[in-house]
Amino acid sequence: MKSSVWEKIYRGPGLGSQNSVTTLIPLVLIVALLVGGVLGILGPYACAAAIFAMIAVIVIALHQDALTVTLIAALHLYVDWYLGLHLFAPVLAIAALCVFYLTRSARHPWTAPGALWLWILFLIITIYPAARGGVLMLYDAASFYPSDILGAFLMLWLGAIVVGDAKHREANIRLFFHVFTIFAVLLAIHTIIQATTGTILFGSSHIDDFLARSDILYYQLAGTTTDRAGSFFIDPNWNGAFFALVFFLPLGLFVSKTSILPRICYLAEMVLILSALMFTYSTGSWIAFIAGLMTFLIFVGRMRYRFVLPIVFLIASTLIVLLFPGQVALQLQHAQGTNELSLRVAVWQTALRVIQAYPLTGVGLGHQAYLTRSNPYRVPGQFVALSHPHDSYLEWAGMAGIPVLLVFLALLIVALWQAWRNWRLVDVPLRVLIGSGITSAVTLSINSISINGWTHFALAPIGWLILGVVSSPLIREKYRETEGGGELCRGDQIA
């Protein structure tokens, strides 16, 4: 009888054996301790983050893939973005990929993301604009390329691997949705506490000082004393964009399950996420969320839900208006603000002028580069200088050039197309989950018209992670091969 837990987890041939894994664990722990020592110098929260990272390393070694990628996303949000350490999660993501490759087995197969050649092209053509913008500010050099470009690629790749082998594919995707939803619920609770008490748990004194200087101008509803909650995303619009896209993960779990108790849990999670979204007072996020609901109806996979869910959404909207009239009134007041739309349109017009002036190379990937080099092209309606055009697509074109924007759009379209192919192939329960992942990506894409969603250092990797799971080539491999003595899966008859 095999008594070792490692033999139970890794029974694959070659590099996926017990000896390989037990050899890797001391190595990754040593690296984690060294990094933890460095971070410990920077303060107690950074030290706590280092401990959190050590836990992540152990989880990677145990091949708890769903928990691994969620921890990396959480570390990227808190350590790299909120604390400003920039490069920690990308390094951890590379380490995770290395471990996954060395421990690959029949239970944990290895795969490359779709359209790999296009990603390589994207990684290459963005080097020059990233360097051009990075020379003006070290912060930009450590953020744009590592997070929006390399980080996006790494998270997409990790998401593709999470799917696992054919036998456990649906369970693995469902587990990832579970774990990531729990992460989203914790952030929702954090946001609600901030909105109701004014306290930011596990906050940074540096960010507190910044918010103290900026609340009246940026994070407070005009004409009121109501603050908009940004949580670890800092800006309420980015926080709202996160909750708008992640809401559809528990919604997919809710629809795909038939048991009462799990559905109650998913419903509670959706209520918390929606409450947090409400406290951000983000107009763009609400518009994207509503568009996401309509998209979900297309990909829900069951005809009866296309009739039932609109009624449920209408009832839920009515309850929100009746139970939270003050918050709804503030949201409408904010949406109708004097400078809300006019300033946004002026910012877009400025971006179009910048693109016209720098069509091939852009001004450089960096907030300082855009702030400095876009100023001569600022239209009169943009009465304040801004460091980005509040639109991810204009940002790619304005900062990196039209060719980079076209490659980015091609990557996004190809990933959505691959996810749609997976959606067509699978059976209904998994089809609902893949549809909810597609909806999350579509929601972020729509939201990126009004904010820098796909170009935000923390949001973009999260969006690519979810898209990587639902577009994974491993899902399609199940239907390319025969299983169980040569019988084809039911999905072959659906395609």
# chains A, B, ... in the order shown; residues from 1 in each chain; ligands from 1
$ residues_around --residues "segment 165-177 of chain A" --least-positions-apart "2" --cutoff "6 Å" --atoms "only C-alpha atoms" --output "PyMOL selection string"
chain A and resi 66+107+163+179-181+249+478
$ residues_around --residues "His388 of chain A" --least-positions-apart "3" --cutoff "7 Å" --atoms "only C-alpha atoms" --output "list in words"
His367, Tyr370 and Glu395 of chain A
$ residues_around --residues "segment 119-126 of chain A" --least-positions-apart "6" --cutoff "8 Å" --atoms "only C-alpha atoms" --output "PyMOL selection string"
chain A and resi 145+149-150+153+400+404+407-408+411
$ write_last_selection --atoms "N, CA and C atoms" --output "CSV table (one decimal), in the first residue's frame"
chain,number,residue,atom,x,y,z
A,145,TYR,N,4.8,46.7,-18.2
A,145,TYR,CA,5.2,45.5,-18.8
A,145,TYR,C,5.1,44.3,-17.9
A,149,ILE,N,1.3,43.2,-19.5
A,149,ILE,CA,1.8,42.4,-20.7
A,149,ILE,C,2.3,41.0,-20.3
A,150,LEU,N,3.4,41.0,-19.6
A,150,LEU,CA,4.0,39.7,-19.2
A,150,LEU,C,3.0,39.0,-18.1
A,153,PHE,N,0.0,37.5,-19.8
A,153,PHE,CA,0.3,36.2,-20.4
A,153,PHE,C,0.5,35.1,-19.4
A,400,ALA,N,1.2,53.0,-26.7
A,400,ALA,CA,2.0,52.0,-27.4
A,400,ALA,C,1.9,52.0,-28.9
A,404,VAL,N,0.1,47.9,-31.6
A,404,VAL,CA,-0.1,47.2,-30.3
A,404,VAL,C,-1.5,47.0,-30.0
A,407,VAL,N,-2.9,44.1,-32.1
A,407,VAL,CA,-2.5,42.8,-31.6
A,407,VAL,C,-3.3,42.5,-30.3
A,408,PHE,N,-3.4,43.5,-29.4
A,408,PHE,CA,-4.2,43.2,-28.2
A,408,PHE,C,-5.6,42.8,-28.5
A,411,LEU,N,-5.7,39.3,-29.7
A,411,LEU,CA,-5.5,38.3,-28.5
A,411,LEU,C,-6.8,38.2,-27.8
